[in-house]
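Everything below belongs to structure33.cif, which stores mmCIF, C-alpha atoms.
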data_model
loop_
_atom_site.label_atom_id
_atom_site.label_comp_id
_atom_site.auth_asym_id
_atom_site.auth_seq_id
_atom_site.Cartn_x
_atom_site.Cartn_y
_atom_site.Cartn_z
CA MET A 14 -64.20 0.61 89.38
CA ASP A 15 -62.02 -1.91 91.20
CA THR A 16 -58.26 -1.31 90.88
CA GLY A 17 -57.64 -4.84 89.67
CA LEU A 18 -60.25 -4.51 86.93
CA VAL A 19 -58.71 -1.24 85.72
CA ILE A 20 -55.26 -2.86 85.63
CA ALA A 21 -56.62 -5.89 83.76
CA ALA A 22 -58.46 -3.66 81.28
CA ALA A 23 -55.41 -1.44 80.65
CA LEU A 24 -53.08 -4.40 80.10
CA GLY A 25 -55.73 -6.04 77.92
CA ALA A 26 -55.99 -2.89 75.79
CA ASP A 27 -52.21 -2.76 75.52
CA TRP A 28 -52.13 -6.39 74.37
CA LEU A 29 -54.97 -5.88 71.86
CA PHE A 30 -54.04 -2.52 70.39
CA GLY A 31 -50.35 -2.10 71.14
CA GLU A 32 -48.70 1.29 71.13
CA VAL A 33 -50.42 4.28 69.56
CA ARG A 34 -48.25 5.01 66.53
CA HIS A 35 -49.30 8.61 65.96
CA GLY A 36 -50.15 11.21 68.56
CA HIS A 37 -48.94 9.33 71.62
CA PRO A 38 -49.15 11.70 74.62
CA LEU A 39 -45.65 10.85 75.82
CA ALA A 40 -44.21 11.70 72.40
CA GLY A 41 -45.94 15.07 72.44
CA PHE A 42 -44.79 15.68 76.00
CA GLY A 43 -41.23 14.83 74.98
CA ARG A 44 -41.29 17.36 72.16
CA VAL A 45 -42.50 20.11 74.49
CA ALA A 46 -39.89 19.14 77.09
CA GLY A 47 -37.15 19.21 74.47
CA ARG A 48 -38.08 22.70 73.33
CA LEU A 49 -38.20 23.94 76.92
CA GLU A 50 -34.78 22.49 77.70
CA ARG A 51 -33.25 24.10 74.62
CA ALA A 52 -34.79 27.46 75.52
CA TRP A 53 -33.81 27.47 79.20
CA ASN A 54 -30.61 25.45 79.42
CA ARG A 55 -28.32 27.98 77.77
CA ARG A 56 -24.56 28.24 77.73
CA GLY A 57 -22.95 30.49 80.29
CA LEU A 58 -25.38 29.73 83.09
CA SER A 59 -23.91 28.52 86.39
CA PRO A 60 -24.64 24.96 87.58
CA VAL A 61 -26.79 26.33 90.41
CA VAL A 62 -28.96 28.32 88.02
CA ARG A 63 -29.22 25.32 85.71
CA ARG A 64 -30.41 23.15 88.61
CA LEU A 65 -33.02 25.70 89.61
CA LEU A 66 -34.27 26.07 86.05
CA GLY A 67 -34.35 22.28 85.64
CA ALA A 68 -36.40 21.89 88.82
CA LEU A 69 -38.80 24.62 87.71
CA ALA A 70 -39.13 22.96 84.31
CA VAL A 71 -40.11 19.66 85.97
CA VAL A 72 -42.85 21.39 87.97
CA LEU A 73 -44.19 23.38 85.02
CA LEU A 74 -44.26 20.36 82.73
CA VAL A 75 -45.58 17.71 85.12
CA ALA A 76 -47.90 19.42 87.61
CA PRO A 77 -50.52 20.75 85.13
CA CYS A 78 -50.81 17.32 83.48
CA ALA A 79 -51.28 15.52 86.80
CA VAL A 80 -53.85 18.08 87.97
CA ALA A 81 -55.76 17.85 84.68
CA VAL A 82 -55.93 14.07 84.87
CA ALA A 83 -57.02 14.24 88.51
CA TYR A 84 -59.86 16.57 87.53
CA LEU A 85 -60.97 14.38 84.62
CA SER A 86 -60.79 11.19 86.67
CA TRP A 87 -62.90 12.80 89.41
CA ARG A 88 -65.43 14.74 87.31
CA ALA A 89 -65.95 12.52 84.27
CA PRO A 90 -69.22 10.50 84.36
CA ARG A 91 -67.16 7.34 83.84
CA GLY A 92 -63.88 8.29 85.46
CA PHE A 93 -62.65 4.70 85.37
CA LEU A 94 -62.33 5.04 81.59
CA VAL A 95 -59.87 7.89 82.13
CA ASP A 96 -57.92 5.62 84.49
CA ILE A 97 -57.83 2.80 81.93
CA VAL A 98 -56.65 5.08 79.13
CA VAL A 99 -53.96 6.71 81.29
CA LEU A 100 -52.62 3.35 82.46
CA TYR A 101 -52.77 1.98 78.92
CA PHE A 102 -50.62 4.84 77.64
CA ALA A 103 -48.19 4.54 80.55
CA VAL A 104 -47.43 0.81 80.55
CA GLY A 105 -46.24 0.24 76.98
CA LEU A 106 -45.60 -3.49 77.44
CA ALA A 107 -46.71 -4.39 73.93
CA SER A 108 -44.36 -1.82 72.40
CA LEU A 109 -41.46 -3.07 74.52
CA THR A 110 -42.23 -6.64 73.44
CA GLN A 111 -42.44 -5.67 69.78
CA HIS A 112 -39.07 -3.93 69.81
CA ALA A 113 -37.36 -6.77 71.68
CA ARG A 114 -38.85 -9.42 69.38
CA ARG A 115 -37.39 -7.63 66.36
CA VAL A 116 -33.94 -7.88 67.89
CA GLN A 117 -34.53 -11.52 68.80
CA ARG A 118 -35.71 -12.50 65.31
CA ALA A 119 -32.80 -10.72 63.64
CA LEU A 120 -30.28 -12.49 65.88
CA GLU A 121 -31.96 -15.85 65.25
CA ALA A 122 -31.53 -15.17 61.52
CA ALA A 123 -27.85 -14.27 62.14
CA ASP A 124 -28.54 -10.77 60.77
CA THR A 125 -26.43 -8.74 63.18
CA ASP A 126 -26.83 -5.51 61.22
CA ALA A 127 -30.62 -5.72 61.45
CA ALA A 128 -30.36 -6.61 65.14
CA ARG A 129 -28.18 -3.56 65.80
CA ALA A 130 -30.65 -1.33 63.97
CA ALA A 131 -33.54 -2.79 65.96
CA VAL A 132 -31.84 -2.45 69.34
CA SER A 133 -30.88 1.15 68.55
CA MET A 134 -34.61 1.91 68.90
CA MET A 135 -34.50 0.61 72.49
CA VAL A 136 -31.32 2.08 73.98
CA SER A 137 -29.49 5.41 74.03
CA ARG A 138 -26.00 4.00 73.44
CA ASP A 139 -24.20 3.70 70.10
CA THR A 140 -25.03 0.23 68.78
CA SER A 141 -22.98 0.29 65.57
CA SER A 142 -20.09 -1.78 66.94
CA LEU A 143 -22.02 -4.32 69.04
CA ASP A 144 -21.51 -8.01 68.39
CA ALA A 145 -24.38 -10.49 68.61
CA PRO A 146 -24.10 -11.13 72.40
CA GLY A 147 -23.71 -7.40 73.02
CA THR A 148 -26.82 -6.68 71.00
CA ALA A 149 -28.78 -9.32 72.91
CA ALA A 150 -27.50 -7.89 76.20
CA ALA A 151 -28.61 -4.37 75.25
CA ALA A 152 -32.11 -5.63 74.44
CA ILE A 153 -32.32 -7.61 77.69
CA GLU A 154 -31.17 -4.64 79.77
CA SER A 155 -33.84 -2.47 78.13
CA VAL A 156 -36.55 -5.08 78.75
CA LEU A 157 -35.61 -5.48 82.40
CA GLU A 158 -35.23 -1.77 83.14
CA ASN A 159 -38.39 -0.78 81.28
CA GLY A 160 -40.22 -3.58 83.01
CA ALA A 161 -39.39 -1.83 86.27
CA ASP A 162 -39.78 1.79 85.11
CA ALA A 163 -42.83 1.56 82.86
CA VAL A 164 -44.74 -1.62 83.69
CA PHE A 165 -44.41 -2.34 87.40
CA ALA A 166 -43.91 1.27 88.50
CA SER A 167 -47.04 2.34 86.60
CA LEU A 168 -49.08 -0.47 88.16
CA PHE A 169 -47.74 0.39 91.60
CA TRP A 170 -48.50 4.10 91.35
CA TYR A 171 -51.97 3.41 90.02
CA ALA A 172 -52.67 1.17 93.01
CA VAL A 173 -51.33 3.85 95.37
CA GLY A 174 -52.68 7.08 93.89
CA GLY A 175 -54.77 6.40 90.82
CA ALA A 176 -54.31 7.97 87.40
CA PRO A 177 -52.78 11.27 88.65
CA ALA A 178 -49.97 9.35 90.39
CA VAL A 179 -49.35 7.36 87.20
CA VAL A 180 -49.05 10.59 85.21
CA LEU A 181 -46.73 12.14 87.80
CA HIS A 182 -44.42 9.15 87.78
CA ARG A 183 -44.44 8.49 84.05
CA LEU A 184 -43.74 12.10 83.07
CA VAL A 185 -40.92 12.44 85.60
CA ASN A 186 -39.50 9.16 84.30
CA THR A 187 -39.67 10.52 80.74
CA LEU A 188 -37.83 13.69 81.76
CA ASP A 189 -35.16 11.61 83.47
CA ALA A 190 -34.76 9.58 80.27
CA MET A 191 -34.31 12.82 78.32
CA TRP A 192 -32.30 14.93 80.74
CA GLY A 193 -30.74 12.55 83.26
CA TYR A 194 -27.35 12.21 81.61
CA ARG A 195 -23.97 13.07 83.12
CA THR A 196 -23.01 15.31 80.22
CA ALA A 197 -21.72 18.87 80.36
CA ARG A 198 -25.04 20.15 79.04
CA LEU A 199 -27.49 18.06 81.06
CA ASP A 200 -25.79 17.15 84.33
CA ALA A 201 -27.07 20.18 86.25
CA PHE A 202 -30.29 20.86 84.34
CA GLY A 203 -31.45 17.25 84.63
CA TRP A 204 -30.49 16.90 88.31
CA ALA A 205 -33.99 17.49 89.69
CA ALA A 206 -35.66 15.11 87.23
CA ALA A 207 -33.10 12.39 87.98
CA ARG A 208 -33.37 12.71 91.76
CA LEU A 209 -37.18 12.81 91.70
CA ASP A 210 -37.24 9.78 89.43
CA ASP A 211 -34.97 7.92 91.86
CA LEU A 212 -37.37 8.75 94.69
CA LEU A 213 -40.52 7.74 92.82
CA ASN A 214 -38.98 4.48 91.59
CA TRP A 215 -37.43 3.24 94.83
CA VAL A 216 -40.42 1.22 96.07
CA PRO A 217 -41.42 -0.03 92.59
CA ALA A 218 -37.83 -1.16 91.97
CA THR A 219 -37.85 -3.07 95.26
CA LEU A 220 -41.12 -4.73 94.26
CA THR A 221 -39.69 -5.49 90.82
CA VAL A 222 -36.85 -7.43 92.43
CA ALA A 223 -39.40 -9.40 94.44
CA THR A 224 -41.48 -9.96 91.31
CA TYR A 225 -38.56 -11.27 89.27
CA ALA A 226 -37.67 -13.59 92.13
CA LEU A 227 -41.27 -14.80 92.45
CA VAL A 228 -41.93 -15.65 88.81
CA SER A 229 -38.47 -16.71 87.63
CA GLY A 230 -38.22 -20.11 89.23
CA HIS A 231 -34.79 -19.08 90.56
CA PRO A 232 -35.59 -16.90 93.58
CA LEU A 233 -32.33 -17.39 95.46
CA ARG A 234 -30.16 -16.62 92.46
CA THR A 235 -32.31 -13.60 91.58
CA LEU A 236 -32.19 -12.13 95.08
CA ALA A 237 -28.47 -12.86 95.45
CA CYS A 238 -27.67 -10.93 92.25
CA ALA A 239 -29.83 -8.00 93.36
CA ARG A 240 -28.15 -7.90 96.77
CA ARG A 241 -24.56 -8.30 95.56
CA GLN A 242 -24.66 -6.34 92.30
CA GLY A 243 -27.54 -3.86 92.58
CA TRP A 244 -25.38 -1.15 94.16
CA ARG A 245 -23.04 -0.94 91.17
CA THR A 246 -24.92 1.88 89.40
CA ALA A 247 -25.35 5.51 90.38
CA SER A 248 -29.10 4.97 90.31
CA PRO A 249 -30.40 3.17 93.40
CA ASN A 250 -33.09 1.50 91.31
CA ALA A 251 -31.89 0.57 87.83
CA GLY A 252 -29.03 -1.54 89.15
CA ARG A 253 -31.26 -3.62 91.39
CA ALA A 254 -33.81 -4.28 88.65
CA MET A 255 -31.22 -5.24 86.04
CA ALA A 256 -29.16 -7.34 88.46
CA ALA A 257 -32.23 -9.23 89.65
CA GLY A 258 -33.56 -9.69 86.12
CA ALA A 259 -30.25 -10.85 84.70
CA GLY A 260 -29.91 -13.30 87.57
CA ALA A 261 -33.44 -14.55 86.96
CA VAL A 262 -32.79 -15.03 83.23
CA GLY A 263 -29.38 -16.61 83.92
CA VAL A 264 -27.17 -14.38 81.77
CA ARG A 265 -24.46 -11.80 82.28
CA VAL A 266 -24.98 -8.29 80.88
CA GLY A 267 -23.10 -5.00 81.06
CA GLY A 268 -19.64 -3.99 79.95
CA PRO A 269 -18.35 -1.21 77.70
CA GLY A 270 -20.77 1.06 75.87
CA VAL A 271 -20.56 4.30 73.91
CA TYR A 272 -22.89 7.06 75.07
CA HIS A 273 -22.97 10.46 73.36
CA GLY A 274 -19.56 9.76 71.81
CA ARG A 275 -17.91 8.73 75.08
CA LEU A 276 -16.87 5.21 76.07
CA ARG A 277 -18.32 4.20 79.43
CA TRP A 278 -18.01 0.97 81.39
CA ARG A 279 -21.39 -0.32 82.50
CA PRO A 280 -21.44 -2.61 85.55
CA ARG A 281 -21.71 -6.33 85.04
CA PHE A 282 -24.98 -7.87 86.20
CA GLY A 283 -26.25 -11.43 86.45
CA VAL A 284 -24.61 -14.82 86.25
CA GLY A 285 -23.80 -17.30 83.51
CA ALA A 286 -22.76 -16.84 79.91
CA ARG A 287 -23.18 -13.88 77.60
CA PRO A 288 -26.75 -13.71 76.30
CA THR A 289 -28.16 -15.13 73.10
CA ALA A 290 -31.39 -14.45 71.21
CA ALA A 291 -33.19 -17.02 73.36
CA ALA A 292 -32.37 -15.05 76.49
CA ILE A 293 -34.29 -12.06 75.08
CA GLY A 294 -37.37 -14.26 74.99
CA ARG A 295 -36.77 -15.36 78.58
CA SER A 296 -36.49 -11.74 79.73
CA LEU A 297 -39.81 -10.93 78.04
CA ARG A 298 -41.50 -13.93 79.64
CA LEU A 299 -40.18 -12.72 83.00
CA VAL A 300 -41.82 -9.30 82.61
CA HIS A 301 -45.05 -10.74 81.17
CA SER A 302 -45.33 -13.25 84.00
CA GLY A 303 -44.74 -10.48 86.51
CA ALA A 304 -47.47 -8.33 84.96
CA LEU A 305 -49.90 -11.24 85.14
CA ALA A 306 -48.96 -11.86 88.77
CA TRP A 307 -49.57 -8.20 89.68
CA THR A 308 -52.93 -8.29 87.91
CA ALA A 309 -53.97 -11.45 89.71
CA ILE A 310 -52.95 -10.04 93.10
CA ALA A 311 -54.87 -6.80 92.42
CA LEU A 312 -57.99 -8.70 91.34
CA ILE A 313 -57.90 -11.09 94.28
CA THR A 314 -57.35 -8.22 96.72
CA GLY A 315 -60.20 -6.24 95.22
CA PHE A 316 -62.62 -9.14 95.40
CA ALA A 317 -61.53 -9.98 98.94
CA LEU A 318 -62.19 -6.41 100.12
CA ALA A 319 -65.46 -5.99 98.23
#
Have the structure of the file written as structure tokens, please.
Amino acid sequence: MDTGLVIAAALGADWLFGEVRHGHPLAGFGRVAGRLERAWNRRGLSPVVRRLLGALAVVLLVAPCAVAVAYLSWRAPRGFLVDIVVLYFAVGLASLTQHARRVQRALEAADTDAARAAVSMMVSRDTSSLDAPGTAAAAIESVLENGADAVFASLFWYAVGGAPAVVLHRLVNTLDAMWGYRTARLDAFGWAAARLDDLLNWVPATLTVATYALVSGHPLRTLACARRQGWRTASPNAGRAMAAGAGAVGVRVGGPGVYHGRLRWRPRFGVGARPTAAAIGRSLRLVHSGALAWTAIALITGFALA
């Protein structure tokens, strides 16, 4: 089946059915990964041993899943259905939209407590002390970063390597989200997952910047923010995506945040004023427009090469 048709079908299924509420493969994978980390990442181990065990854990968790999907995609009578299902589970655009809309609606109703509770489902930081602009900024950052990590990266890796590449990327990205923190417990153990995620997301992040510039209506401002501000994070990818997206939306995000009980200063990205509820909607439209643009390009390319 043509790549563009698979992408269109997967995004269509995501729009129609949304996120699977029970038994989502990524949730099950996360539980297994959490148990493995608790069993292997024990106190008293040296940083070198923790790094080696973390790297081995990545291989043991990710490789069998990617190989299994490759086999199913190749051997199944209708392998394209496997591709559609895998991409549908990986993208998660409807779920991202649903969570962000809850924050937006709560802020529009001036219910900051409800907005904080809603945004806590999207980010790993402590949201209990956020004001309304801070809550909107947290939601926007999550939309922009997940647009790069889940939506555009999944579409890219499907176009490059099919369903197995999507599984490889998405599972590594999940491990990075679980283990890639600079804490005493996870810094060494999560090193391999974080570095591999950086590698797998470099090209998709670059394409995300181009996408945000293309569909925003403000290409120069978007690209200028990515170029000037994208280097401000330790990750070579997240900073570029958030800087470009914040520039495209026309807001400024970042600042202090509490992670795992510690106050950290997050880099400032974008231009303009602090965000409002309306800016959350603009960030969602940015990602949706980008997904439609990628689908159209894939379809046109497929038909042109047929």
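As for atom CA of Ala190 of chain A and atom CA of Gly174 of chain A, they are spaced 22.6 Å apart.
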Explicit residue set for the PyMOL selection byres ((chain A and resi 222) around 8), as a PyMOL selection string: chain A and resi 218-221+223-226+235-236+239+253-254+257-258
Same residues, C-alpha atoms, saved as a compact mmCIF listing (two decimals), in the frame of the given file:
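Heads up, here's the output in out.txt:
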# COMPACT_ATOMS: atom_id res chain seq x y z
CA ALA A 218 -37.83 -1.16 91.97
CA THR A 219 -37.85 -3.07 95.26
CA LEU A 220 -41.12 -4.73 94.26
CA THR A 221 -39.69 -5.49 90.82
CA ALA A 223 -39.40 -9.40 94.44
CA THR A 224 -41.48 -9.96 91.31
CA TYR A 225 -38.56 -11.27 89.27
CA ALA A 226 -37.67 -13.59 92.13
CA THR A 235 -32.31 -13.60 91.58
CA LEU A 236 -32.19 -12.13 95.08
CA ALA A 239 -29.83 -8.00 93.36
CA ARG A 253 -31.26 -3.62 91.39
CA ALA A 254 -33.81 -4.28 88.65
CA ALA A 257 -32.23 -9.23 89.65
CA GLY A 258 -33.56 -9.69 86.12
From A:Ala247, A:Leu213, A:Leu184, A:Ile310, residue lying nearest Ala76 of chain A [only C-alpha atoms]: A:Leu184
Neighbour list for Thr187 of chain A as number ranges by chain, cut-off 12 Å, all atoms listed in the file, skip fewer than 2 positions in-chain: A: 38-47, 71, 74-75, 103, 159, 162-163, 180-185, 189-193, 203, 206-207, 209-210
Surrounding residues of Ala145 of chain A excluding itself and chain neighbours under 5 positions, 10 Å, all atoms listed in the file, as an MDAnalysis selection string: chainID A and resid 116 119:121 123:126 128:129 150:151 287:290
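Excluding Arg55 of chain A itself and any same-chain residue fewer than 2 positions from it, the protein and nucleic acid residues within 12 Å of it, counting all atoms listed in the file, are A:Arg48, A:Leu49, A:Glu50, A:Arg51, A:Ala52, A:Trp53, A:Gly57, A:Leu58, A:Ser59, A:Pro60, A:Val62, A:Arg63, A:Leu66, A:Gly67, A:Ala197, A:Arg198, A:Leu199, A:Ala201, A:Phe202.
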Residues from the last selection, C-alpha atoms, saved as a short mmCIF file (atom, residue, chain, number, x, y, z; two decimals), keeping the file's coordinate frame:
data_model
loop_
_atom_site.label_atom_id
_atom_site.label_comp_id
_atom_site.auth_asym_id
_atom_site.auth_seq_id
_atom_site.Cartn_x
_atom_site.Cartn_y
_atom_site.Cartn_z
CA ARG A 48 -38.08 22.70 73.33
CA LEU A 49 -38.20 23.94 76.92
CA GLU A 50 -34.78 22.49 77.70
CA ARG A 51 -33.25 24.10 74.62
CA ALA A 52 -34.79 27.46 75.52
CA TRP A 53 -33.81 27.47 79.20
CA GLY A 57 -22.95 30.49 80.29
CA LEU A 58 -25.38 29.73 83.09
CA SER A 59 -23.91 28.52 86.39
CA PRO A 60 -24.64 24.96 87.58
CA VAL A 62 -28.96 28.32 88.02
CA ARG A 63 -29.22 25.32 85.71
CA LEU A 66 -34.27 26.07 86.05
CA GLY A 67 -34.35 22.28 85.64
CA ALA A 197 -21.72 18.87 80.36
CA ARG A 198 -25.04 20.15 79.04
CA LEU A 199 -27.49 18.06 81.06
CA ALA A 201 -27.07 20.18 86.25
CA PHE A 202 -30.29 20.86 84.34
#
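Put simply, atom CA of Val98 of chain A is 27.2 Å away from atom CA of Val228 of chain A.
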Answer key for the PyMOL selection byres ((chain A and resi 296-301) around 9), residues as a PyMOL selection string: chain A and resi 106+109-110+113-114+153-154+156-157+160-161+164-165+224-225+228-229+258-259+261-262+291-295+302-306
Residue IDs satisfying the PyMOL selection byres ((chain A and resi 278-283) around 9), as number ranges by chain: A: 234-235, 238-239, 242-243, 245-246, 252, 255-271, 276-277, 284-285
Save the residues we just selected, C-alpha atoms, as a PDB file, in the frame of the given file?
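File written: again-v5.pdb
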ATOM      1  CA  ARG A 234     -30.160 -16.620  92.460  1.00  0.00           C
ATOM      2  CA  THR A 235     -32.310 -13.600  91.580  1.00  0.00           C
ATOM      3  CA  CYS A 238     -27.670 -10.930  92.250  1.00  0.00           C
ATOM      4  CA  ALA A 239     -29.830  -8.000  93.360  1.00  0.00           C
ATOM      5  CA  GLN A 242     -24.660  -6.340  92.300  1.00  0.00           C
ATOM      6  CA  GLY A 243     -27.540  -3.860  92.580  1.00  0.00           C
ATOM      7  CA  ARG A 245     -23.040  -0.940  91.170  1.00  0.00           C
ATOM      8  CA  THR A 246     -24.920   1.880  89.400  1.00  0.00           C
ATOM      9  CA  GLY A 252     -29.030  -1.540  89.150  1.00  0.00           C
ATOM     10  CA  MET A 255     -31.220  -5.240  86.040  1.00  0.00           C
ATOM     11  CA  ALA A 256     -29.160  -7.340  88.460  1.00  0.00           C
ATOM     12  CA  ALA A 257     -32.230  -9.230  89.650  1.00  0.00           C
ATOM     13  CA  GLY A 258     -33.560  -9.690  86.120  1.00  0.00           C
ATOM     14  CA  ALA A 259     -30.250 -10.850  84.700  1.00  0.00           C
ATOM     15  CA  GLY A 260     -29.910 -13.300  87.570  1.00  0.00           C
ATOM     16  CA  ALA A 261     -33.440 -14.550  86.960  1.00  0.00           C
ATOM     17  CA  VAL A 262     -32.790 -15.030  83.230  1.00  0.00           C
ATOM     18  CA  GLY A 263     -29.380 -16.610  83.920  1.00  0.00           C
ATOM     19  CA  VAL A 264     -27.170 -14.380  81.770  1.00  0.00           C
ATOM     20  CA  ARG A 265     -24.460 -11.800  82.280  1.00  0.00           C
ATOM     21  CA  VAL A 266     -24.980  -8.290  80.880  1.00  0.00           C
ATOM     22  CA  GLY A 267     -23.100  -5.000  81.060  1.00  0.00           C
ATOM     23  CA  GLY A 268     -19.640  -3.990  79.950  1.00  0.00           C
ATOM     24  CA  PRO A 269     -18.350  -1.210  77.700  1.00  0.00           C
ATOM     25  CA  GLY A 270     -20.770   1.060  75.870  1.00  0.00           C
ATOM     26  CA  VAL A 271     -20.560   4.300  73.910  1.00  0.00           C
ATOM     27  CA  LEU A 276     -16.870   5.210  76.070  1.00  0.00           C
ATOM     28  CA  ARG A 277     -18.320   4.200  79.430  1.00  0.00           C
ATOM     29  CA  VAL A 284     -24.610 -14.820  86.250  1.00  0.00           C
ATOM     30  CA  GLY A 285     -23.800 -17.300  83.510  1.00  0.00           C
TER      31      GLY A 285
END
Gap from atom CA of Phe93 of chain A to atom CA of Ala107 of chain A - Å, one decimal: 21.6 Å
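If you measure from each of A:Glu158, A:Asp200, A:Asp211, A:Asp15 to Ile97 of chain A using all atoms listed in the file, the closest one turns out to be A:Asp15.
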Can you give me N, CA and C atoms for segment 52-64 of chain A, written as a compact mmCIF listing (two decimals), in the frame of the given file?
# COMPACT_ATOMS: atom_id res chain seq x y z
N ALA A 52 -34.58 26.04 75.27
CA ALA A 52 -34.79 27.46 75.52
C ALA A 52 -34.19 27.92 76.84
N TRP A 53 -34.23 27.07 77.85
CA TRP A 53 -33.81 27.47 79.20
C TRP A 53 -32.38 27.08 79.53
N ASN A 54 -31.92 25.98 79.02
CA ASN A 54 -30.61 25.45 79.42
C ASN A 54 -29.53 26.01 78.50
N ARG A 55 -29.22 27.28 78.67
CA ARG A 55 -28.32 27.98 77.77
C ARG A 55 -26.88 27.99 78.29
N ARG A 56 -25.98 28.16 77.37
CA ARG A 56 -24.56 28.24 77.73
C ARG A 56 -24.31 29.49 78.58
N GLY A 57 -23.33 29.35 79.46
CA GLY A 57 -22.95 30.49 80.29
C GLY A 57 -23.64 30.54 81.63
N LEU A 58 -24.69 29.74 81.81
CA LEU A 58 -25.38 29.73 83.09
C LEU A 58 -24.60 28.88 84.09
N SER A 59 -24.61 29.28 85.35
CA SER A 59 -23.91 28.52 86.39
C SER A 59 -24.65 27.23 86.68
N PRO A 60 -23.97 26.21 87.23
CA PRO A 60 -24.64 24.96 87.58
C PRO A 60 -25.82 25.16 88.53
N VAL A 61 -25.70 26.10 89.47
CA VAL A 61 -26.79 26.33 90.41
C VAL A 61 -28.03 26.84 89.68
N VAL A 62 -27.83 27.78 88.79
CA VAL A 62 -28.96 28.32 88.02
C VAL A 62 -29.57 27.23 87.14
N ARG A 63 -28.72 26.41 86.54
CA ARG A 63 -29.22 25.32 85.71
C ARG A 63 -30.06 24.34 86.54
N ARG A 64 -29.62 24.04 87.74
CA ARG A 64 -30.41 23.15 88.61
C ARG A 64 -31.77 23.76 88.95
